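A.B. asks: This is the structure I have questions about; it appears just below.
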Protein chains: 2
Amino acid sequence: MTMASRRGFLAGSAGVLGTAAALRPAPAEVLEPATEPFHGPHQAGIITRQQAHTYFAVFDLTAETREEVRALLQRWTDAADRLCAGAPADPADSDEALGMPPAHLTLTFGFGPGLFIKDAKDRYGLAAQRPAALVDLPVFTGDQLQPGRTGGDLSVQACADDPQTAFHAVRQLSRLAYGTAQLRWAQSGFVPALVGQTPRNLLGFKDGSNNPDRADAATMNAIVWAGDEGPAWMRGGSYMVARRIRIALEHWDRTPVSFQEQTVGRSKISGAPIGGKAEHDPENLAATDSDGNPIIEENAHVRLASAASSGARILRRGYSYNDGLNFTTERWPPWRQGMEYDSGLLFVAYQKDPRTGFVKMFERMAKFDMLNQFTTHTGGGIFACPPGIEKGQNVGQGLLF
Amino acid sequence: MTMASRRGFLAGSAGVLGTAAALRPAPAEVLEPATEPFHGPHQAGIITRQQAHTYFAVFDLTAETREEVRALLQRWTDAADRLCAGAPADPADSDEALGMPPAHLTLTFGFGPGLFIKDAKDRYGLAAQRPAALVDLPVFTGDQLQPGRTGGDLSVQACADDPQTAFHAVRQLSRLAYGTAQLRWAQSGFVPALVGQTPRNLLGFKDGSNNPDRADAATMNAIVWAGDEGPAWMRGGSYMVARRIRIALEHWDRTPVSFQEQTVGRSKISGAPIGGKAEHDPENLAATDSDGNPIIEENAHVRLASAASSGARILRRGYSYNDGLNFTTERWPPWRQGMEYDSGLLFVAYQKDPRTGFVKMFERMAKFDMLNQFTTHTGGGIFACPPGIEKGQNVGQGLLF
């Protein structure tokens, strides 16, 4: 008996969904739908409510022809449609998500600069289609990017309420890419699954208080979604910048809270900007104390990140990560030798144009942010995430189809 | 205003709990208590319902005196009591768990061989107290243990429904150990949060179908809990073996399911042992096909792991892990160069005596298990987890207090 028939896998999606539904109990689905729609004007996973887990994966294309890339994106589109509905990707699915609810899985695809041009070669005849906004990221002050964690031709941001669901999805896509693309780097991450409050990051501070309102379509059009200013195939898409940022938690945890608060520019417990009372109070960047010094430090993180100061706005959708420990030797007293946390933030930001978004904001932060004492950027990338598609279309519709 | 007073932290535990309750909304606690008791005859986190996330951490003791070790265990006991109740560890808590429910946090402490003797030195006058069951693990066939992921003097298995809660707890303990012990290795892990069904591991197979019944006290006394056969200070404790096992998922995912099933000895979809119909059917190790060959292969994983075959029983409480990718070059066709998943299983097993438990079972498996084609043991350790304590006692009561 073949695996396919044992699984009861049918070619039509109704058959797939029927099988999947029969295989799994669905207590959570009684309360709310456990799936996010795969089709729509925008890709899911950008302004979607942030799920608790991510597996972010970047691939290098080894394909020699444009036709191979097209075929890969067709396979990925078909599989992603089924996976986001909670069904197996195909008959060769690895099955570790069987019996699990769909967990609001989203798969957000992105195109790195290498799809358009790599080592000065226009491998797939797409160089002329590269959006101006898909810049090569500049080298920022303090960058410690490791090649094996940086760049890449295709990105897949899998997000779900369960880490196994997110990883499962990328494993299927990776298998379907065999011979055409191979994994370059990957990072799992998490945020606390809390409703109605801003989650705290690993610094212990509320993170995201100032994020633009995802429910406000005009704001999203102004900040997140690409419009007519670039190529038509990107209209309704968004540009994503990812950065893997190690945080020296072993130092942070032995730093007085008063200094932590000066560094961030917010109160640790309430999340209020310094000088304010509540989390969502506006940052008063002009306020000074009785000596005339600014109450929010000149180099405080919130000041440099603020739209008022940087002139840039982005939608952040990052995840904390925790990869165990690294061995380290310190260059300063007490010259400690030992383990440091390999833990921190997978920073993810979406924007209409990185040149007026992340790049503009971070060029100054990389030089001056007090938080840099505790952070090291060890990897990342930039990706053009195309718009959403309708049933029958493929990821990259308008560019490759 | 000091941090302590801003936090409203009070020395008495009633005060701490009162503050914590005021700080966090508790919708989940209405349905069920979100805490696991820290005190009791056994440590929590062994037969406790398995939470979805772990952060497993191992420390090296740098303390020079027994008194320092005692003081550390006192600090850890106090902090663990508060953390498991959902409160901050102390006034210097790093706060990233503020506002989060206690998430059934458990902290399970263990003593490695190095607490008793290290480099042939009896650092703390405890060598005579070392239980015979706390053996140095033998070198198993195929071991690829990395020193930086192996061994250690003290272990803390933090388990919780949320990864941030588990990591938060270990961070506080690590800070409280500064100058006395330092982190040696750590591993985060996850299992699907499913109720009423056996979760699948990253192989896509149901994992734990054969685990002994944690609710059956007689079975737990027979398999898990140390009794009168060893030192009195371990009575009611348990011996834990951890192994970090990388799984070559990139190969597994391109292996036919029929071969996967022969390798494991179970059906992938149903979880039934080969020849059986349902997940919990007994393994029929004697059954043969019409040619006289055993229907469960001689070297199938379930056969070698079964109590009937190995004569050993353990309580498994492992977690899948996912640390991104490693660069690899293959020694066999098609001589692929590229990334492999740094992902697999943090195997954790509890038993009354590892000599008749894990060691007995795994010596044969390490040589013959068909699954070894896909697995590499890269680290691990053995730890004596002392019994539970009452209020007013400390972890290691009977040994150090």
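Identifiers for the structure tokens are assigned positionally: chains receive A, B, ... in sequence, residues are indexed from 1 per chain, and ligands are indexed from 1 in the order shown.
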Please report as a short mmCIF file (atom, residue, chain, number, x, y, z; two decimals) with C-alpha atoms, in the first residue's frame which residues of chain B come no farther than 6 Å from chain A, using only C-alpha atoms.
C.D. replies:
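Output saved as iface_9.cif:
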data_model
loop_
_atom_site.label_atom_id
_atom_site.label_comp_id
_atom_site.auth_asym_id
_atom_site.auth_seq_id
_atom_site.Cartn_x
_atom_site.Cartn_y
_atom_site.Cartn_z
CA SER B 94 15.04 40.94 34.91
CA ASP B 95 11.27 41.38 34.52
CA GLU B 96 10.61 39.80 31.14
CA ALA B 186 21.98 25.05 27.68
CA GLN B 187 19.33 23.84 25.31
CA ARG B 200 4.67 13.56 17.23
CA LEU B 202 10.38 15.65 14.42
CA GLY B 204 6.80 12.60 12.25
CA ASP B 323 18.84 25.60 16.61
CA GLY B 324 18.86 26.59 12.96
#
A.B. asks: Excluding same-chain residues fewer than 6 positions from range 350-361 of chain B, what lies within 7 Å of it counting only C-alpha atoms, as a list of chain:residue names?
C.D. replies: B:Ala133, B:Ile223, B:Val224, B:Trp225, B:Ala226, B:Ser238, B:Tyr239, B:Met240, B:Val241, B:Ala305, B:Ser310, B:Ala312, B:Arg313, B:Ile314, B:Leu315, B:Arg316
A.B. asks: Please produce a file of the residues just selected, as a tab-separated table (two decimals), in the first residue's frame, where the atoms kept are C-alpha atoms.
C.D. replies:
chain	number	residue	atom	x	y	z
B	133	ALA	CA	23.85	4.96	40.60
B	223	ILE	CA	10.85	2.70	37.54
B	224	VAL	CA	11.45	6.33	38.44
B	225	TRP	CA	11.95	6.99	42.16
B	226	ALA	CA	15.08	6.09	44.06
B	238	SER	CA	15.46	10.23	40.46
B	239	TYR	CA	18.44	9.91	38.13
B	240	MET	CA	18.26	11.82	34.89
B	241	VAL	CA	20.14	11.20	31.68
B	305	ALA	CA	13.98	0.09	23.21
B	310	SER	CA	16.20	-4.60	26.76
B	312	ALA	CA	15.17	-1.80	31.08
B	313	ARG	CA	12.47	0.76	31.78
B	314	ILE	CA	12.75	4.54	31.90
B	315	LEU	CA	10.40	7.51	31.96
B	316	ARG	CA	11.10	9.68	28.94
A.B. asks: Using backbone DSSP assignments, extract all strand (DSSP E or B) residues from range 337-382 of chain A; output them as a ChimeraX atom specification.
C.D. replies: /A:337-351,375-382
A.B. asks: Just want the 6 Å neighbourhood of Ala89 in chain A, counted on only C-alpha atoms, with same-chain residues fewer than 5 positions away dropped. Output as a tab-separated table (two decimals) with C-alpha atoms, in the first residue's frame.
C.D. replies:
chain	number	residue	atom	x	y	z
A	79	ALA	CA	2.21	23.53	-0.77
A	82	ARG	CA	-2.42	23.49	1.73
A	83	LEU	CA	-0.13	23.96	4.74
A.B. asks: From a backbone DSSP assignment, name each residue in range 40-240 of chain B labelled alpha helix (DSSP H), as JSON, numbers by chain.
C.D. replies: {"B": [66, 67, 68, 69, 70, 71, 72, 73, 74, 75, 76, 77, 78, 79, 80, 81, 82, 83, 84, 113, 114, 115, 116, 163, 164, 165, 166, 167, 168, 169, 170, 171, 172, 173, 174, 175, 176, 217, 218, 219, 220, 221, 222, 223]}
A.B. asks: Give me the residues within 10 Å of Pro282 in chain A as a VMD selection string, counting only C-alpha atoms and dropping any in the same chain fewer than 4 places off.
C.D. replies: chain A and resid 210 272 to 278
A.B. asks: What is the distance, in Å and to one decimal place, between CA of Gln129 in chain B and CA of Gly45 in chain B?
C.D. replies: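 CA of Gly45 in chain B lies at a distance of 24.4 Å from CA of Gln129 in chain B.
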A.B. asks: Which distance in Å separates CA of Ile389 in chain B and CA of Gly110 in chain B, to one decimal?
C.D. replies: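 Atom-to-atom, CA of Ile389 in chain B to CA of Gly110 in chain B, that is 13.6 Å.
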